[in-house]
Structure formats: C-alpha cells, structure tokens
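Colleague: Got a structure for you, written out below as structure tokens; questions coming shortly.
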Amino acid sequence: MKKPCVQAPVTRNFLILGFLSLALSACGIPDSKRPSGGVKIDPSPSARQCYGELRNAGVRFSPLPNQNFSGGCSQIDAITMLDVGRSTEISNLGPVRCELANKFAAWTEYAVRRAARQYLGSELVRIETMGSYSCRRVAGSNRLSEHGRANAIDVSGFVLADGRRITLTKNWNNGRQEKKFLRAIHKSACRRFGTVLSPDFNAAHFDHFHFDMGGNGYCR
C-alpha cells in the first residue's frame with residue numbers, strides 16, 4: 001500500500017507565499033497610479049492653453065484641483081511648478097496660478113538666465129523663493145493679498161553654476177555686477193507682471209521681489 005504523498009512544510013509554505021505574492025502583484029496598484037480620492041482636475045480653457053505653453057517651454061509641473069477656502073482665499077487654475085524649465089530648480093514654491101507660472105517661466109528664460117550670463121558670467125541653476133500661496137490680507141489693510149489667490153510669488157535669491165548665491169538682502173545695493181544683474185531682471189519683471197515690488201518699495205520688501213498678476217503695471 002502506497003503512503004500518501006505529504007508535502008514538506010517548508011515547500012508548502014513557499015508555495016503559499018508564492019501564490020500570495022502573485023495575487024498581490026496582480027491586483028496591486030502602484031501608489032503613483034492610485035485614484036486621488038475623487039479629486040477632479042477641471043481647468044478652464046485658458047488654463048489648458050497655459051499647460052500647453054508651459055510644456056512647450058520645458059517646464060515640469062503638476063495641475064491642482066480648483067479649491068475655495070474661508071476668508072475669500074482660493075486656488076483656481078493653479079499648478080505646482082517642479083522646475084522653471086531647462087532643469088532650473090526652484091525652491092520653496094507652493095501653488096501658483098498657471099498664468100503667473102507661465103509669466104514667471106518666461107521671465108526666468110529670457111531675463112534672468114540671460115542677465116546671469118551677461119553680468120555674472122555663469123549659468124543660473126536655482127531660483128530661491130519665499131513662497132506663493134498664503135491666505136492673508138495686505139499688510140495694514142483689509143484687502144485680500146494676491147498671495148491668497150495663489151497669484152503672487154516672492155523671490156529672494158539666485159544660485160549660479162559656479163556656486164555663487166545672489167540675494168536681494170545682500171546684493172540689491174552691493175556688488176557692482178550683482179547689483180546690475182538684479183536691476184536688470186527687476187526692469188524686465190516690470191514689463192511682464194501686473195505688480196512688481198522691490199526693496200525700494202518699503203521695509204517689508206527689503207529681502208525679496210514680489211510679483212503678482214493682480215495689478216495694472218505698478219512697478220517699484
């Protein structure tokens with residue numbers, strides 16, 4: 001009489017683990033592919049056009065869902081910029097409206113990058129910011145800041161390929177070539193953004209440029 005074939009425990013355990021592994025791999029969804037909990041990206045036609053322009057400029061970004069917050073704050077047609085084109089890094093930047101991001105990317109490409117080469121003899125590798133979206137009022141008033149609409153960016157410094165770091169705090173009025181660089185890109189910004197504020201505006205802006213699309217060409 002033949003003895004029944006009994007699988008060794010170790011072999012059986014391997015088979016079970018193998019089956020479970022196959023089952024999990026078959027039904028598992030990578031985190032990057034998982035549904036976003038029903039959050040819908042619903043950009044306006046102008047935002048869709050803006051997405052295309054950013055892609056053509058080589059800017060990496062992620063669209064964000066439209067949101068309204070208390071206090072009148074909002075993020076409409078906003079994106080997260082992952083760089084500013086040509087692998088130029090950008091630090092500390094939160095959600096920004098696509099229109100502003102598009103202007104900012106063009107300013108970086110046609111003003112900042114060129115001025116860095118012309119006045120400083122080096123390539124731009126990173127722009128340092130003090131943020132974008134922040135639900136707050138304009139200092140000393142009850143008027144909502146453009147930061148509360150993800151429609152403003154504060155820029156504090158620039159890092160070059162040779163390691164130099166140019167900042168508004170240190171170089172707005174110091175360093176011959178550094179000063180020329182900052183004045184040149186400030187002048188260009190005034191032709192692109194709705195409002196441009198520099199350290200010359202008031203003490204609150206001693207360390208950064210403020211750019212937004214809510215004004216009518218105010219430049220200081």
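FYI, nothing fancy with the structure tokens labels: chains A, B, ... in order, residues from 1 per chain, ligands from 1 as they appear.
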As a PDB file with C-alpha atoms, in the first residue's frame, which residues of region 4-217 of chain A does DSSP assign to strand (DSSP E or B)?

Modeller:
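Contents of the output file out-v3.pdb:
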ATOM      1  CA  PHE A  61       4.546  70.909 -13.344  1.00  0.00           C
ATOM      2  CA  SER A  62       1.518  69.242 -11.797  1.00  0.00           C
ATOM      3  CA  PRO A  63      -2.029  70.649 -12.181  1.00  0.00           C
ATOM      4  CA  GLN A  67     -10.330  74.989  -4.368  1.00  0.00           C
ATOM      5  CA  ASN A  68     -12.029  77.752  -2.405  1.00  0.00           C
ATOM      6  CA  SER A  74      -8.693  80.290  -3.427  1.00  0.00           C
ATOM      7  CA  GLN A  75      -6.517  78.242  -5.750  1.00  0.00           C
ATOM      8  CA  ALA A  78      -3.294  76.526 -10.045  1.00  0.00           C
ATOM      9  CA  ILE A  79      -0.306  74.255 -10.543  1.00  0.00           C
ATOM     10  CA  THR A  80       2.764  73.106  -8.672  1.00  0.00           C
ATOM     11  CA  MET A  81       5.948  74.028 -10.549  1.00  0.00           C
ATOM     12  CA  GLU A  89      15.428  74.322  -9.799  1.00  0.00           C
ATOM     13  CA  ILE A  90      13.003  76.435  -7.809  1.00  0.00           C
ATOM     14  CA  SER A  91      12.787  76.245  -4.030  1.00  0.00           C
ATOM     15  CA  VAL A  96       0.565  79.262  -8.263  1.00  0.00           C
ATOM     16  CA  ARG A  97      -1.991  80.187 -10.899  1.00  0.00           C
ATOM     17  CA  LEU A 124      21.504  80.034 -13.481  1.00  0.00           C
ATOM     18  CA  VAL A 125      20.791  76.771 -11.649  1.00  0.00           C
ATOM     19  CA  ARG A 126      18.257  77.680  -8.971  1.00  0.00           C
ATOM     20  CA  ILE A 127      15.789  80.402  -8.017  1.00  0.00           C
ATOM     21  CA  GLU A 128      15.032  80.737  -4.315  1.00  0.00           C
ATOM     22  CA  THR A 129      11.591  81.937  -3.282  1.00  0.00           C
ATOM     23  CA  ARG A 137      -4.521  90.253   3.913  1.00  0.00           C
ATOM     24  CA  LEU A 144      -7.014  90.200   0.346  1.00  0.00           C
ATOM     25  CA  ALA A 152       1.838  86.051  -6.292  1.00  0.00           C
ATOM     26  CA  ILE A 153       5.443  84.879  -5.927  1.00  0.00           C
ATOM     27  CA  ASP A 154       8.146  86.285  -3.639  1.00  0.00           C
ATOM     28  CA  VAL A 155      11.710  85.803  -4.933  1.00  0.00           C
ATOM     29  CA  SER A 156      14.654  86.116  -2.573  1.00  0.00           C
ATOM     30  CA  GLY A 157      17.748  84.821  -4.363  1.00  0.00           C
ATOM     31  CA  PHE A 158      19.515  83.122  -7.257  1.00  0.00           C
ATOM     32  CA  VAL A 159      22.152  80.382  -7.299  1.00  0.00           C
ATOM     33  CA  LEU A 160      24.672  80.117 -10.137  1.00  0.00           C
ATOM     34  CA  ARG A 165      24.403  82.951  -4.420  1.00  0.00           C
ATOM     35  CA  ILE A 166      22.927  86.352  -5.258  1.00  0.00           C
ATOM     36  CA  THR A 167      20.329  87.623  -2.797  1.00  0.00           C
ATOM     37  CA  THR A 195       2.656  94.320  -9.873  1.00  0.00           C
ATOM     38  CA  VAL A 196       6.376  94.283  -9.089  1.00  0.00           C
ATOM     39  CA  LEU A 197       7.727  95.352  -5.689  1.00  0.00           C
ATOM     40  CA  PHE A 209      10.908  90.782  -5.121  1.00  0.00           C
ATOM     41  CA  HIS A 210       7.128  90.486  -5.068  1.00  0.00           C
ATOM     42  CA  PHE A 211       5.467  89.574  -8.382  1.00  0.00           C
ATOM     43  CA  ASP A 212       1.738  89.218  -8.953  1.00  0.00           C
TER      44      ASP A 212
END

Colleague: Write out as a list of chain:residue names each polymer residue whose atoms come within 12 Å of Arg136 (chain A), counting only C-alpha atoms; drop sequence neighbours fewer than 6 positions from it.

Modeller: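 The residues that qualify are A:Phe69, A:Ser70, A:Gly71, A:Gly72, A:Cys73, A:Ser74, A:Asn142, A:Arg143, A:Leu144, A:Ser145, A:Glu146, A:His147, A:Gly148, A:Arg149, A:Ala150, A:Ala152.
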
Colleague: Here is a test: counting only C-alpha atoms, which residue of A:Phe201, A:Phe193, A:Phe206, A:Tyr119 is nearest to Ala101 (chain A)?

Modeller: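 Using only C-alpha atoms, Ala101 (chain A) sits closest to A:Phe193.
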
Colleague: Within 9 Å of Glu109 (chain A), counting only C-alpha atoms, which residues qualify if same-chain residues fewer than 2 places away don't, as a compact mmCIF listing (two decimals) with N, CA, C and O atoms, in the first residue's frame?

Modeller:
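Dumped to result.txt:
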# COMPACT_ATOMS: atom_id res chain seq x y z
N ALA A 57 7.65 75.05 -23.19
CA ALA A 57 8.82 75.74 -22.62
C ALA A 57 9.70 74.80 -21.82
O ALA A 57 10.74 75.22 -21.29
N VAL A 84 11.75 75.38 -13.41
CA VAL A 84 11.42 76.55 -14.21
C VAL A 84 11.93 76.38 -15.63
O VAL A 84 12.28 77.34 -16.30
N GLY A 85 12.00 75.15 -16.10
CA GLY A 85 12.49 74.88 -17.44
C GLY A 85 13.98 74.65 -17.46
O GLY A 85 14.73 75.15 -16.62
N ARG A 86 14.42 73.84 -18.41
CA ARG A 86 15.84 73.52 -18.58
C ARG A 86 16.49 73.06 -17.28
O ARG A 86 17.64 73.40 -16.98
N PHE A 104 6.29 83.72 -15.14
CA PHE A 104 7.49 83.52 -14.35
C PHE A 104 8.52 82.69 -15.11
O PHE A 104 9.73 82.98 -15.08
N ALA A 105 8.06 81.66 -15.79
CA ALA A 105 8.96 80.82 -16.58
C ALA A 105 9.59 81.61 -17.71
O ALA A 105 10.79 81.47 -18.00
N ALA A 106 8.80 82.48 -18.38
CA ALA A 106 9.34 83.31 -19.46
C ALA A 106 10.33 84.32 -18.92
O ALA A 106 11.39 84.56 -19.54
N TRP A 107 10.03 84.91 -17.78
CA TRP A 107 10.97 85.85 -17.14
C TRP A 107 12.28 85.15 -16.81
O TRP A 107 13.36 85.70 -17.04
N ALA A 111 15.01 86.67 -19.23
CA ALA A 111 15.60 87.78 -18.46
C ALA A 111 16.66 87.28 -17.49
O ALA A 111 17.83 87.66 -17.59
N VAL A 112 16.28 86.42 -16.57
CA VAL A 112 17.21 86.01 -15.51
C VAL A 112 18.39 85.22 -16.07
O VAL A 112 19.55 85.51 -15.77
N ARG A 113 18.09 84.25 -16.90
CA ARG A 113 19.16 83.40 -17.44
C ARG A 113 20.15 84.23 -18.28
O ARG A 113 21.36 84.09 -18.15
N ARG A 114 19.60 85.11 -19.11
CA ARG A 114 20.47 85.93 -19.96
C ARG A 114 21.27 86.93 -19.14
O ARG A 114 22.46 87.16 -19.40

Colleague: Identify which of the residues A:Glu123, A:Ala115, A:Asn151, A:Cys50 lies closest to Leu93 (chain A), counting only C-alpha atoms when measuring atom-to-atom distances.

Modeller: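 Of the candidates, the smallest distance to Leu93 (chain A) is held by A:Asn151.
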
Colleague: Among region 12-192 of chain A, which ones does DSSP place in alpha helix (DSSP H), written as an MDAnalysis selection string?

Modeller: chainID A and resid 12:27 45:56 98:107 113:115 168:171 176:189

Colleague: Could you check which of A:Cys190, A:Asp77, A:Asn202, A:Gly214 is closest to Gln49 (chain A), using only C-alpha atoms?

Modeller: A:Asp77

Colleague: Within 10 Å of Lys187 (chain A), counting only C-alpha atoms, which residues show up once you throw out same-chain ones fewer than 4 positions away? Write them as a PDB file with N, CA, C and O atoms, in the first residue's frame, please.

Modeller:
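Output file out.pdb follows:
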ATOM      1  N   ALA A 111      15.015  86.669 -19.226  1.00  0.00           N
ATOM      2  CA  ALA A 111      15.598  87.778 -18.460  1.00  0.00           C
ATOM      3  C   ALA A 111      16.663  87.284 -17.491  1.00  0.00           C
ATOM      4  O   ALA A 111      17.828  87.664 -17.593  1.00  0.00           O
ATOM      5  N   LEU A 182      20.570  92.349 -10.667  1.00  0.00           N
ATOM      6  CA  LEU A 182      19.277  92.466 -10.002  1.00  0.00           C
ATOM      7  C   LEU A 182      18.444  93.602 -10.585  1.00  0.00           C
ATOM      8  O   LEU A 182      17.222  93.475 -10.743  1.00  0.00           O
ATOM      9  N   ARG A 183      19.090  94.718 -10.913  1.00  0.00           N
ATOM     10  CA  ARG A 183      18.336  95.830 -11.507  1.00  0.00           C
ATOM     11  C   ARG A 183      17.809  95.470 -12.899  1.00  0.00           C
ATOM     12  O   ARG A 183      16.699  95.862 -13.271  1.00  0.00           O
ATOM     13  N   ARG A 191       7.875  94.593 -16.995  1.00  0.00           N
ATOM     14  CA  ARG A 191       7.205  94.502 -18.294  1.00  0.00           C
ATOM     15  C   ARG A 191       6.348  93.240 -18.413  1.00  0.00           C
ATOM     16  O   ARG A 191       5.634  93.083 -19.397  1.00  0.00           O
ATOM     17  N   ARG A 192       6.407  92.367 -17.409  1.00  0.00           N
ATOM     18  CA  ARG A 192       5.734  91.079 -17.521  1.00  0.00           C
ATOM     19  C   ARG A 192       4.607  90.876 -16.512  1.00  0.00           C
ATOM     20  O   ARG A 192       3.590  90.256 -16.833  1.00  0.00           O
ATOM     21  N   VAL A 196       5.008  94.665  -9.446  1.00  0.00           N
ATOM     22  CA  VAL A 196       6.376  94.283  -9.089  1.00  0.00           C
ATOM     23  C   VAL A 196       6.839  95.195  -7.959  1.00  0.00           C
ATOM     24  O   VAL A 196       6.846  96.418  -8.100  1.00  0.00           O
ATOM     25  N   CYS A 219       5.065  99.278 -10.749  1.00  0.00           N
ATOM     26  CA  CYS A 219       6.449  98.821 -10.614  1.00  0.00           C
ATOM     27  C   CYS A 219       7.207  99.727  -9.683  1.00  0.00           C
ATOM     28  O   CYS A 219       7.268 100.944  -9.903  1.00  0.00           O
ATOM     29  N   ARG A 220       7.805  99.149  -8.680  1.00  0.00           N
ATOM     30  CA  ARG A 220       8.582  99.958  -7.739  1.00  0.00           C
ATOM     31  C   ARG A 220       9.774  99.149  -7.238  1.00  0.00           C
ATOM     32  O   ARG A 220       9.598  98.055  -6.753  1.00  0.00           O
TER      33      ARG A 220
END

Colleague: Report the distance between CA of His205 (chain A) and CA of Ala139 (chain A) in Å, rounded to one decimal place.

Modeller: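 Atom-to-atom, CA of His205 (chain A) to CA of Ala139 (chain A), that is 11.6 Å.
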
Colleague: What does the distance from CA of Gly217 (chain A) to CA of Leu100 (chain A) come to in Å, to one decimal?

Modeller: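 Distance between the two atoms: 14.0 Å.
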
Colleague: Might you pull out every residue within 10 Å of Gln177 (chain A), with only C-alpha atoms counted and same-chain residues fewer than 3 positions away left off, and present them as a list in words?

Modeller: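 The filter keeps Ala116, Gln118, Tyr119, Leu120, Gly121, Asn171, Asn174, Lys180, Phe181, Leu182 and Arg183 of chain A.
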